[in-house]
$ cat entry11.txt   # compact mmCIF, C-alpha atoms
# COMPACT_ATOMS: atom_id res chain seq x y z
CA MET G 1 0.00 0.00 0.00
CA GLU G 2 1.23 3.45 -0.91
CA PHE G 3 2.37 5.51 2.04
CA ILE G 4 0.15 8.47 2.79
CA ASP G 5 1.68 11.46 4.51
CA TYR G 6 -1.16 12.46 6.81
CA TYR G 7 0.17 15.97 7.39
CA LYS G 8 0.52 16.60 3.67
CA LEU G 9 -2.93 15.13 3.08
CA LEU G 10 -4.48 17.58 5.52
CA GLY G 11 -2.32 20.44 4.23
CA LEU G 12 -0.49 20.83 7.54
CA ASP G 13 3.04 20.78 8.80
CA LYS G 14 4.27 18.58 11.61
CA ASN G 15 3.94 21.36 14.17
CA ALA G 16 0.20 21.70 13.60
CA SER G 17 -1.84 22.08 16.77
CA ALA G 18 -4.81 19.88 17.67
CA GLN G 19 -7.08 22.77 16.75
CA GLU G 20 -5.44 23.15 13.33
CA ILE G 21 -5.74 19.41 12.67
CA LYS G 22 -9.41 19.47 13.58
CA LYS G 23 -10.05 22.50 11.41
CA ALA G 24 -8.21 21.05 8.39
CA TYR G 25 -10.01 17.73 8.79
CA ARG G 26 -13.44 19.32 8.94
CA LYS G 27 -12.76 21.49 5.92
CA LEU G 28 -11.58 18.56 3.79
CA ALA G 29 -14.28 16.22 5.10
CA ARG G 30 -16.92 18.71 3.96
CA LYS G 31 -15.28 18.94 0.55
CA HIS G 32 -14.94 15.20 -0.07
CA HIS G 33 -17.88 13.73 1.85
CA PRO G 34 -19.40 10.93 -0.29
CA ASP G 35 -22.94 12.15 0.31
CA LEU G 36 -21.98 15.53 -1.11
CA ASN G 37 -20.12 13.97 -4.04
CA PRO G 38 -22.44 11.26 -5.35
CA ASN G 39 -20.96 8.92 -7.99
CA ASP G 40 -17.47 10.26 -7.34
CA GLN G 41 -15.14 7.40 -6.50
CA GLU G 42 -12.17 9.73 -6.14
CA ALA G 43 -13.95 11.80 -3.49
CA GLN G 44 -14.90 8.64 -1.65
CA ASN G 45 -11.30 7.43 -1.57
CA LYS G 46 -10.07 10.84 -0.52
CA PHE G 47 -12.63 10.99 2.28
CA GLN G 48 -11.45 7.65 3.57
CA GLN G 49 -7.84 8.82 3.56
CA ILE G 50 -8.77 12.03 5.36
CA ASN G 51 -10.51 10.00 8.04
CA GLU G 52 -7.48 7.77 8.40
CA ALA G 53 -5.32 10.85 8.83
CA HIS G 54 -7.68 12.35 11.37
CA GLU G 55 -8.00 9.07 13.26
CA VAL G 56 -4.24 9.06 13.79
CA LEU G 57 -3.39 12.73 14.15
CA SER G 58 -6.26 13.56 16.51
CA ASP G 59 -5.17 10.88 18.96
CA PRO G 60 -2.13 12.18 20.92
CA GLU G 61 -0.77 8.69 21.49
CA LYS G 62 -1.07 7.62 17.84
CA LYS G 63 0.19 11.00 16.66
CA LYS G 64 3.29 10.65 18.78
CA LYS G 65 4.02 7.25 17.28
CA TYR G 66 3.28 8.50 13.77
CA ASP G 67 5.60 11.48 14.22
CA LYS G 68 8.38 9.20 15.37
CA TYR G 69 7.98 6.19 13.08
CA GLY G 70 6.10 7.63 10.10
CA LYS G 71 4.50 4.96 7.95
CA ASP G 72 5.53 2.22 10.41
CA TRP G 73 3.99 3.94 13.41
CA LYS G 74 1.62 1.12 14.20
CA HIS G 75 4.57 -1.13 14.93
CA ALA G 76 5.95 1.44 17.37
CA ASP G 77 5.51 -0.84 20.37
CA GLU G 78 7.40 -3.63 18.62
CA PHE G 79 10.19 -1.27 17.63
CA GLU G 80 10.54 0.15 21.08
CA LYS G 81 10.59 -3.31 22.59
CA ALA G 82 13.33 -4.25 20.11
CA GLY G 83 15.24 -1.00 20.69
CA TYR G 84 14.83 0.21 17.13
CA ASP G 85 15.66 3.83 16.48
CA PRO G 86 14.24 5.08 13.16
CA ARG G 87 16.85 7.87 12.95
CA GLN G 88 19.65 5.28 12.91
CA GLN G 89 17.61 2.75 10.92
CA GLN G 90 18.93 -0.24 12.84
CA TYR G 91 17.93 -2.73 15.42
CA GLN G 92 20.16 -3.33 18.42
CA GLY G 93 23.56 -3.90 16.89
CA ARG G 94 22.19 -4.95 13.48
CA THR G 95 22.31 -2.74 10.45
CA ALA G 96 19.43 -1.93 8.22
CA GLY G 97 21.08 -3.76 5.32
CA GLN G 98 21.12 -6.98 7.27
CA GLN G 99 17.43 -6.62 7.90
CA GLY G 100 16.69 -6.12 4.25
CA PHE G 101 15.65 -2.50 3.95
CA GLY G 102 15.77 -2.58 0.17
CA GLY G 103 12.52 -3.43 -1.59
CA GLN G 104 9.87 -4.62 0.79
CA GLN G 105 10.68 -3.44 4.26
CA SER G 106 10.60 -5.92 7.03
CA TYR G 107 10.52 -5.23 10.75
CA GLY G 108 10.39 -8.29 12.92
CA GLU G 109 7.28 -10.27 12.10
CA TYR G 110 5.53 -7.40 10.29
CA SER G 111 5.80 -6.30 6.72
CA GLU G 112 4.73 -3.15 4.92
CA GLU G 113 1.66 -4.97 3.65
CA ASP G 114 0.30 -5.09 7.19
CA PHE G 115 -0.17 -1.35 6.99
CA SER G 116 -3.26 -1.66 4.82
CA GLU G 117 -4.62 -4.46 6.97
CA PHE G 118 -4.72 -2.09 9.88
CA PHE G 119 -6.96 0.25 7.98
CA ASN G 120 -9.01 -2.55 6.55
CA SER G 121 -9.77 -3.66 10.07
CA MET G 122 -10.46 -0.10 11.08
CA PHE G 123 -12.50 0.98 8.08
CA GLY G 124 -13.78 -2.28 6.69
CA GLY G 125 -11.96 -1.78 3.40
CA GLY G 126 -14.44 0.78 2.19
CA GLY G 127 -17.21 3.13 3.16
CA PHE G 128 -16.51 6.07 5.33
CA SER G 129 -16.09 6.87 8.92
CA GLY G 130 -17.22 9.61 11.16
CA GLY G 131 -13.96 9.51 12.98
CA GLY G 132 -15.34 7.65 15.94
CA GLY G 133 -15.01 4.27 14.30
CA ARG G 134 -17.88 2.76 16.31
CA THR G 135 -20.88 4.04 14.44
CA LYS G 136 -22.57 2.07 11.70
CA PHE G 137 -21.51 3.24 8.28
CA LYS G 138 -22.81 2.60 4.85
CA GLY G 139 -20.55 0.53 2.59
CA GLN G 140 -18.66 1.85 -0.38
CA ASP G 141 -20.67 2.76 -3.47
CA PHE G 142 -19.63 0.94 -6.63
CA ASN G 143 -19.68 2.44 -10.12
CA ALA G 144 -20.05 0.49 -13.33
CA GLU G 145 -20.55 1.33 -16.97
CA LEU G 146 -22.85 -0.57 -19.29
CA ARG G 147 -22.51 -0.25 -23.06
CA LEU G 148 -25.59 -0.86 -25.14
CA ASN G 149 -26.74 -0.12 -28.66
CA LEU G 150 -29.61 2.29 -29.24
CA THR G 151 -31.64 -0.60 -30.65
CA ASP G 152 -31.20 -2.42 -27.31
CA VAL G 153 -33.01 0.27 -25.34
CA PHE G 154 -36.03 0.65 -27.59
CA ARG G 155 -37.79 -1.91 -25.41
CA SER G 156 -37.41 -2.64 -21.70
CA GLN G 157 -35.20 -5.63 -21.19
CA LYS G 158 -33.92 -7.81 -18.41
CA GLN G 159 -30.19 -8.34 -18.10
CA THR G 160 -27.99 -10.17 -15.66
CA LEU G 161 -24.81 -8.35 -14.78
CA THR G 162 -21.84 -9.69 -12.91
CA VAL G 163 -20.44 -7.09 -10.53
CA ASN G 164 -17.58 -8.09 -8.23
CA GLY G 165 -18.42 -11.74 -8.75
CA LYS G 166 -22.08 -11.30 -7.84
CA GLN G 167 -24.90 -11.68 -10.33
CA ILE G 168 -27.44 -8.88 -10.39
CA ARG G 169 -30.67 -9.15 -12.32
CA LEU G 170 -31.60 -5.82 -13.75
CA THR G 171 -34.50 -4.45 -15.78
CA ILE G 172 -33.32 -1.72 -18.12
CA PRO G 173 -36.26 0.56 -18.83
CA ALA G 174 -36.93 1.44 -22.46
CA GLY G 175 -35.87 4.95 -23.41
CA ILE G 176 -32.93 5.24 -21.06
CA GLU G 177 -30.62 8.11 -22.06
CA ASN G 178 -27.00 7.97 -23.09
CA GLY G 179 -24.97 9.00 -20.02
CA GLN G 180 -27.83 8.33 -17.61
CA THR G 181 -26.97 6.74 -14.28
CA ILE G 182 -29.25 4.49 -12.30
CA LYS G 183 -28.80 3.42 -8.69
CA ILE G 184 -29.16 -0.20 -7.60
CA LYS G 185 -29.64 0.00 -3.88
CA GLY G 186 -27.67 -2.29 -1.61
CA HIS G 187 -25.35 -3.76 -4.26
CA GLY G 188 -22.24 -1.83 -3.22
CA GLY G 189 -19.60 -2.71 -0.64
CA GLU G 190 -20.33 -4.17 2.77
CA GLY G 191 -21.24 -1.71 5.52
CA MET G 192 -19.04 -1.12 8.53
CA ASN G 193 -20.01 -2.15 12.06
CA GLY G 194 -23.23 -3.66 10.72
CA GLY G 195 -24.07 -0.60 8.63
CA PRO G 196 -26.02 -0.91 5.38
CA LYS G 197 -24.39 -1.97 2.13
CA GLY G 198 -23.37 0.68 -0.37
CA ASP G 199 -25.16 1.19 -3.66
CA LEU G 200 -24.25 0.30 -7.20
CA TYR G 201 -24.37 3.10 -9.78
CA ILE G 202 -24.61 2.02 -13.41
CA THR G 203 -23.94 4.59 -16.11
CA PHE G 204 -25.31 3.76 -19.55
CA ASN G 205 -23.14 4.36 -22.56
CA ILE G 206 -25.51 4.05 -25.52
CA LEU G 207 -24.04 3.76 -28.97
CA ASN G 208 -26.25 4.95 -31.80
CA ASN G 209 -26.05 2.14 -34.34
CA THR G 210 -28.91 3.50 -36.48
CA ALA G 211 -29.56 6.13 -39.15
CA PHE G 212 -31.73 8.05 -36.69
CA LYS G 213 -30.63 10.96 -34.55
CA ARG G 214 -32.01 10.95 -31.04
CA ASP G 215 -32.89 13.88 -28.82
CA GLY G 216 -34.56 12.50 -25.71
CA SER G 217 -37.61 10.68 -26.99
CA ASN G 218 -37.68 12.42 -30.38
CA LEU G 219 -35.99 10.95 -33.42
CA TYR G 220 -34.74 12.72 -36.54
CA LYS G 221 -34.05 11.33 -39.97
CA GLU G 222 -33.27 12.75 -43.39
CA VAL G 223 -34.91 11.02 -46.35
CA ASP G 224 -33.98 11.37 -50.03
CA LEU G 225 -36.87 12.53 -52.21
CA ASP G 226 -36.95 12.08 -55.94
CA PHE G 227 -37.06 15.44 -57.79
CA TYR G 228 -40.13 14.55 -59.87
CA LYS G 229 -42.03 13.29 -56.82
CA ALA G 230 -41.15 16.53 -55.03
CA ILE G 231 -42.52 18.53 -57.96
CA LEU G 232 -45.54 16.45 -58.83
CA GLY G 233 -46.36 14.80 -55.50
CA GLY G 234 -46.82 11.11 -54.77
CA GLU G 235 -46.16 8.55 -52.09
CA ILE G 236 -43.02 7.17 -50.48
CA THR G 237 -42.27 4.48 -47.90
CA VAL G 238 -40.12 5.56 -44.96
CA ASP G 239 -38.36 3.43 -42.34
CA THR G 240 -39.34 4.25 -38.77
CA PHE G 241 -37.44 2.83 -35.78
CA ASP G 242 -39.55 -0.31 -35.66
CA GLY G 243 -41.22 -0.57 -39.03
CA LYS G 244 -42.23 1.29 -42.19
CA VAL G 245 -44.82 3.95 -42.94
CA LYS G 246 -46.22 5.31 -46.18
CA LEU G 247 -46.11 9.08 -46.57
CA LYS G 248 -47.96 11.24 -49.04
CA ILE G 249 -45.81 13.83 -50.74
CA LYS G 250 -47.53 17.08 -51.58
CA PRO G 251 -46.83 18.55 -55.04
CA GLU G 252 -44.09 21.20 -55.00
CA THR G 253 -42.49 19.92 -51.82
CA GLN G 254 -39.38 21.98 -51.10
CA ASN G 255 -35.93 20.67 -50.20
CA GLY G 256 -35.55 20.53 -46.39
CA THR G 257 -39.28 20.27 -45.69
CA LYS G 258 -39.88 18.59 -42.33
CA VAL G 259 -42.79 16.38 -41.40
CA LYS G 260 -43.62 15.13 -37.92
CA LEU G 261 -44.77 11.56 -37.40
CA LYS G 262 -46.46 11.69 -34.05
CA GLY G 263 -45.72 8.83 -31.67
CA LYS G 264 -43.19 7.24 -34.04
CA GLY G 265 -40.17 8.33 -32.02
CA PHE G 266 -38.38 6.69 -29.10
CA PRO G 267 -40.09 5.42 -25.93
CA VAL G 268 -40.42 7.98 -23.15
CA TYR G 269 -38.32 6.80 -20.18
CA LYS G 270 -40.42 5.05 -17.53
CA LYS G 271 -43.70 6.05 -19.21
CA GLU G 272 -45.00 2.86 -20.66
CA GLY G 273 -46.80 3.19 -23.96
CA GLN G 274 -45.66 6.78 -24.51
CA PHE G 275 -43.43 7.62 -27.44
CA GLY G 276 -41.81 10.74 -28.78
CA ASP G 277 -42.12 11.90 -32.38
CA LEU G 278 -40.17 11.14 -35.53
CA TYR G 279 -39.14 14.14 -37.62
CA ILE G 280 -38.51 13.41 -41.28
CA SER G 281 -36.57 15.95 -43.27
CA TYR G 282 -36.73 15.70 -47.09
CA ARG G 283 -33.57 15.99 -49.15
CA VAL G 284 -34.64 16.52 -52.75
CA LYS G 285 -32.30 14.76 -55.15
CA MET G 286 -31.71 16.50 -58.46
CA PRO G 287 -31.64 14.36 -61.59
CA GLU G 288 -28.17 13.71 -63.00
CA LYS G 289 -26.80 12.80 -66.42
CA LEU G 290 -29.66 14.45 -68.29
CA THR G 291 -30.30 13.34 -71.86
CA GLN G 292 -30.49 15.87 -74.65
CA LYS G 293 -34.26 15.48 -74.73
CA GLU G 294 -34.53 16.14 -70.96
CA LYS G 295 -32.36 19.23 -71.26
CA GLU G 296 -34.57 20.56 -74.03
CA LEU G 297 -37.68 19.97 -71.96
CA PHE G 298 -36.16 21.71 -68.92
CA GLU G 299 -35.24 24.67 -71.15
CA GLU G 300 -38.79 24.76 -72.37
CA LEU G 301 -40.03 24.71 -68.77
CA ALA G 302 -37.63 27.48 -67.86
CA LYS G 303 -39.02 29.67 -70.62
CA LEU G 304 -42.52 29.25 -69.10
CA ARG G 305 -41.41 30.79 -65.76
CA MET X 1 -46.38 -2.38 15.64
CA GLU X 2 -46.85 -5.27 13.29
CA ASN X 3 -46.15 -3.45 10.06
CA SER X 4 -42.65 -4.48 9.02
CA ASN X 5 -42.30 -1.39 6.80
CA LEU X 6 -42.18 0.85 9.84
CA ILE X 7 -39.20 1.31 12.10
CA ALA X 8 -39.63 2.75 15.57
CA VAL X 9 -37.83 6.08 15.99
CA LYS X 10 -36.34 4.85 19.26
CA ALA X 11 -35.01 1.68 17.62
CA PHE X 12 -33.46 3.66 14.76
CA CYS X 13 -31.81 6.10 17.17
CA HIS X 14 -30.50 3.30 19.34
CA SER X 15 -29.07 1.52 16.31
CA HIS X 16 -27.40 4.67 14.97
CA GLU X 17 -26.45 6.03 18.38
CA ILE X 18 -28.15 9.35 17.90
CA GLU X 19 -30.52 11.43 19.99
CA THR X 20 -34.22 11.18 19.15
CA ALA X 21 -34.23 14.99 19.21
CA PHE X 22 -32.27 14.94 15.95
CA ILE X 23 -34.97 12.88 14.22
CA TYR X 24 -37.68 15.25 15.46
CA SER X 25 -35.69 18.28 14.35
CA ILE X 26 -35.43 17.01 10.75
CA TYR X 27 -39.09 15.97 10.93
CA GLU X 28 -40.07 19.51 11.92
CA ILE X 29 -38.04 20.92 9.07
CA GLY X 30 -39.90 18.64 6.65
CA LEU X 31 -37.03 16.41 5.55
CA ILE X 32 -38.80 13.23 6.66
CA ASP X 33 -42.31 12.15 7.61
CA LEU X 34 -43.11 10.22 10.75
CA VAL X 35 -46.00 7.87 11.34
CA LYS X 36 -47.32 8.82 14.74
CA THR X 37 -49.39 6.38 16.74
CA GLU X 38 -50.51 6.32 20.33
CA GLU X 39 -47.89 3.79 21.28
CA ASP X 40 -44.90 5.17 19.40
CA ASP X 41 -43.55 7.17 16.46
CA PHE X 42 -42.29 5.36 13.39
CA ILE X 43 -40.19 5.91 10.30
CA GLU X 44 -41.29 4.44 7.00
CA GLU X 45 -38.75 2.09 5.46
CA VAL X 46 -38.76 3.99 2.15
CA GLN X 47 -37.32 7.00 3.98
CA LEU X 48 -34.39 5.12 5.46
CA SER X 49 -31.96 5.96 2.69
CA ASP X 50 -32.50 9.72 3.05
CA LEU X 51 -32.61 9.49 6.80
CA GLU X 52 -29.32 7.62 6.97
CA LYS X 53 -27.82 10.27 4.73
CA THR X 54 -28.93 12.98 7.17
CA VAL X 55 -27.41 11.02 10.05
CA ARG X 56 -24.11 10.72 8.21
CA LEU X 57 -24.02 14.43 7.38
CA HIS X 58 -24.89 15.26 10.99
CA LYS X 59 -22.31 12.95 12.54
CA ASP X 60 -19.50 13.25 10.01
CA LEU X 61 -19.70 16.94 9.30
CA HIS X 62 -21.52 18.28 12.37
CA ILE X 63 -24.20 19.86 10.21
CA ASN X 64 -27.40 20.84 11.98
CA SER X 65 -30.87 20.09 10.62
CA GLU X 66 -31.21 23.46 8.83
CA GLY X 67 -27.86 22.93 7.14
CA ILE X 68 -28.83 19.40 6.12
CA ALA X 69 -32.05 20.71 4.58
CA ALA X 70 -29.99 23.20 2.55
CA VAL X 71 -27.60 20.41 1.48
CA PHE X 72 -30.54 18.27 0.33
CA ASP X 73 -31.96 21.14 -1.72
CA LEU X 74 -28.60 21.76 -3.35
CA LEU X 75 -28.07 18.06 -4.07
CA GLN X 76 -31.47 17.94 -5.75
CA GLN X 77 -30.55 20.95 -7.87
CA MET X 78 -27.23 19.33 -8.71
CA GLU X 79 -28.97 16.14 -9.83
CA PHE X 80 -31.42 18.13 -11.95
CA LEU X 81 -28.60 20.10 -13.57
CA GLN X 82 -26.56 16.95 -14.16
CA LYS X 83 -29.50 15.40 -16.01
CA LYS X 84 -29.88 18.56 -18.04
CA VAL X 85 -26.18 18.57 -18.95
CA THR X 86 -26.44 14.93 -20.10
CA ALA X 87 -29.51 15.73 -22.23
CA LEU X 88 -27.81 18.79 -23.74
CA GLN X 89 -24.63 16.83 -24.48
CA ASN X 90 -26.73 14.24 -26.31
CA ARG X 91 -28.54 16.98 -28.24
CA LEU X 92 -25.25 18.66 -29.13
CA GLU X 93 -24.11 15.48 -30.83
CA ILE X 94 -26.88 15.92 -33.41
CA TYR X 95 -25.33 19.21 -34.51
CA GLU X 96 -21.71 18.17 -34.14
CA ASN X 97 -22.24 15.26 -36.51
CA PRO X 98 -24.78 16.63 -39.01
CA THR X 99 -23.75 14.52 -42.01
CA ASP X 100 -25.54 11.48 -40.63
CA LEU X 101 -28.82 13.34 -40.21
$ encode --input "entry11.txt" --output "structure tokens"
Amino acid sequence: MEFIDYYKLLGLDKNASAQEIKKAYRKLARKHHPDLNPNDQEAQNKFQQINEAHEVLSDPEKKKKYDKYGKDWKHADEFEKAGYDPRQQQYQGRTAGQQGFGGQQSYGEYSEEDFSEFFNSMFGGGGFSGGGGRTKFKGQDFNAELRLNLTDVFRSQKQTLTVNGKQIRLTIPAGIENGQTIKIKGHGGEGMNGGPKGDLYITFNILNNTAFKRDGSNLYKEVDLDFYKAILGGEITVDTFDGKVKLKIKPETQNGTKVKLKGKGFPVYKKEGQFGDLYISYRVKMPEKLTQKEKELFEELAKLR
Amino acid sequence: MENSNLIAVKAFCHSHEIETAFIYSIYEIGLIDLVKTEEDDFIEEVQLSDLEKTVRLHKDLHINSEGIAAVFDLLQQMEFLQKKVTALQNRLEIYENPTDL
């Protein structure tokens, strides 16, 4: 586990008074409290570290040991029993080199890895503490990302996800938005001191694999329209998200004309049976590679205008 | 009380090691509802999540009930704005990638 300098973490120097430690802790705890920073894993981790720092620095006995032994403060009693002086980095008569100070540090029966175990036992490996360490605390919130295609969220569907080795059955409501986060209560980390479990937050990353553009529950699509049909009118068949519709084209339809197909858009999130609208925009295609005869006829038409 | 969806205020306070006065102060401010009966006052299970959040804010950050009410209002606003940002980001994509339209 990476060593955390508690003084640096709280923005203090080693001569900080108890009052200054308390003040710095409260200020940072407010800033990084998980309830004030929902879905922010970084804030949650930071809050845990701040509590660790406060737990040690607010206790005169622990602070004294921390000041003397730094990251190995929790083994202070062992060191003192063994006559270890951190300033000389040696046990009684034995040099640091003989004890293997390179790489993983080893002091008697403890190793550096024990450091994290101390905090795991104190903080339950997650969640957050009020500093007292005896109150019940909610477990750590977990965050996950789920990638789906737009076609997948046109209808509500059940999915089974595996999060941290546990299977969670989930109903994904139709119409869920790209970037939307939903909370699955009680599927986060274990609580501390019998506190409730944390929650699982799933953020949906929805890839648009269709020719439609989506804005909430409305869909947009551009459709090519034959020049002659635009001029003379007629009928075309258009693809909607889940089928086809026939549309009448009025004579003299202009390029860029928009039509609204009510209720042919995307499902409205958590409103069963309600759909947005589909907006069709016509893109009139000009004829190409005109024959001589066609050119002559167009010239004739032009003279009539 | 036989209804398993209700938790006695006293039991909740005992479990969370808080004063009942705190629960009544956030009740008076309108952050939670209580089910009051002749025998006791109860908390509905559906309110537990919010209530536990108030307890954490109170114990961790020493925020009083008025402060917690303000925090809840701001968190609600933050959630609303976050949803709006997501919706606007999705809408922006329509204009940033117009060739597909």
$ closest_residue --input "entry11.txt" --among "X:Val35, X:Ile29, X:Met78, X:Ile94" --to "chain G" --atoms "all atoms listed in the file"
X:Ile94
$ closest_residue --input "entry11.txt" --among "G:Lys289, G:Arg30, G:Lys262, G:Lys14" --to "chain X" --atoms "all atoms listed in the file"
G:Arg30
$ interface_residues --input "entry11.txt" --of "chain X" --to "chain G" --cutoff "12 Å" --atoms "all atoms listed in the file" --output "MDAnalysis selection string"
chainID X and resid 12:18 46 48:63 68 70:76 78:80 82:101
$ atom_distance --input "entry11.txt" --atom1 "CA of Glu44 (chain X)" --atom2 "CA of Ile168 (chain G)"
25.9 Å
$ atom_distance --input "entry11.txt" --atom1 "CA of Thr171 (chain G)" --atom2 "CA of Leu6 (chain X)"
27.3 Å
$ residues_near_point --input "entry11.txt" --point "(-35.9, -1.7, -26.1)" --cutoff "12 Å" --atoms "all atoms listed in the file" --output "CSV table (one decimal) with C-alpha atoms, keeping the file's coordinate frame"
chain,number,residue,atom,x,y,z
G,148,LEU,CA,-25.6,-0.9,-25.1
G,149,ASN,CA,-26.7,-0.1,-28.7
G,150,LEU,CA,-29.6,2.3,-29.2
G,151,THR,CA,-31.6,-0.6,-30.6
G,152,ASP,CA,-31.2,-2.4,-27.3
G,153,VAL,CA,-33.0,0.3,-25.3
G,154,PHE,CA,-36.0,0.6,-27.6
G,155,ARG,CA,-37.8,-1.9,-25.4
G,156,SER,CA,-37.4,-2.6,-21.7
G,157,GLN,CA,-35.2,-5.6,-21.2
G,158,LYS,CA,-33.9,-7.8,-18.4
G,159,GLN,CA,-30.2,-8.3,-18.1
G,171,THR,CA,-34.5,-4.4,-15.8
G,172,ILE,CA,-33.3,-1.7,-18.1
G,173,PRO,CA,-36.3,0.6,-18.8
G,174,ALA,CA,-36.9,1.4,-22.5
G,175,GLY,CA,-35.9,5.0,-23.4
G,176,ILE,CA,-32.9,5.2,-21.1
G,177,GLU,CA,-30.6,8.1,-22.1
G,206,ILE,CA,-25.5,4.0,-25.5
G,241,PHE,CA,-37.4,2.8,-35.8
G,242,ASP,CA,-39.6,-0.3,-35.7
G,266,PHE,CA,-38.4,6.7,-29.1
G,267,PRO,CA,-40.1,5.4,-25.9
G,268,VAL,CA,-40.4,8.0,-23.2
G,269,TYR,CA,-38.3,6.8,-20.2
G,270,LYS,CA,-40.4,5.0,-17.5
G,272,GLU,CA,-45.0,2.9,-20.7
$ residues_near_point --input "entry11.txt" --point "(2.3, 11.2, 11.0)" --cutoff "9 Å" --atoms "all atoms listed in the file" --output "compact mmCIF listing (two decimals) with C-alpha atoms, keeping the file's coordinate frame"
# COMPACT_ATOMS: atom_id res chain seq x y z
CA ILE G 4 0.15 8.47 2.79
CA ASP G 5 1.68 11.46 4.51
CA TYR G 6 -1.16 12.46 6.81
CA TYR G 7 0.17 15.97 7.39
CA LYS G 14 4.27 18.58 11.61
CA ALA G 53 -5.32 10.85 8.83
CA VAL G 56 -4.24 9.06 13.79
CA LEU G 57 -3.39 12.73 14.15
CA LYS G 62 -1.07 7.62 17.84
CA LYS G 63 0.19 11.00 16.66
CA LYS G 64 3.29 10.65 18.78
CA LYS G 65 4.02 7.25 17.28
CA TYR G 66 3.28 8.50 13.77
CA ASP G 67 5.60 11.48 14.22
CA LYS G 68 8.38 9.20 15.37
CA TYR G 69 7.98 6.19 13.08
CA GLY G 70 6.10 7.63 10.10
CA LYS G 71 4.50 4.96 7.95
CA TRP G 73 3.99 3.94 13.41
$ atom_distance --input "entry11.txt" --atom1 "CA of Tyr282 (chain G)" --atom2 "CA of Gly256 (chain G)"
5.0 Å
$ axis_aligned_box --input "entry11.txt" --around "region 39-53 of chain X" --padding-each-side "3 Å" --output "JSON"
{"center_x": -37.9, "center_y": 6.2, "center_z": 11.7, "size_x": 26.1, "size_y": 14.2, "size_z": 25.1}
$ closest_residue --input "entry11.txt" --among "G:Tyr201, G:Leu232, G:Glu299, G:His54" --to "Thr253 (chain G)" --atoms "all atoms listed in the file"
G:Leu232
$ residues_around --input "entry11.txt" --residues "region 160-167 of chain G" --least-positions-apart "6" --cutoff "9 Å" --atoms "all atoms listed in the file" --output "list in words"
Phe142, Ala144, His187 and Leu200 of chain G
$ write_last_selection --input "entry11.txt" --atoms "C-alpha atoms" --output "CSV table (one decimal), keeping the file's coordinate frame"
chain,number,residue,atom,x,y,z
G,142,PHE,CA,-19.6,0.9,-6.6
G,144,ALA,CA,-20.0,0.5,-13.3
G,187,HIS,CA,-25.4,-3.8,-4.3
G,200,LEU,CA,-24.2,0.3,-7.2
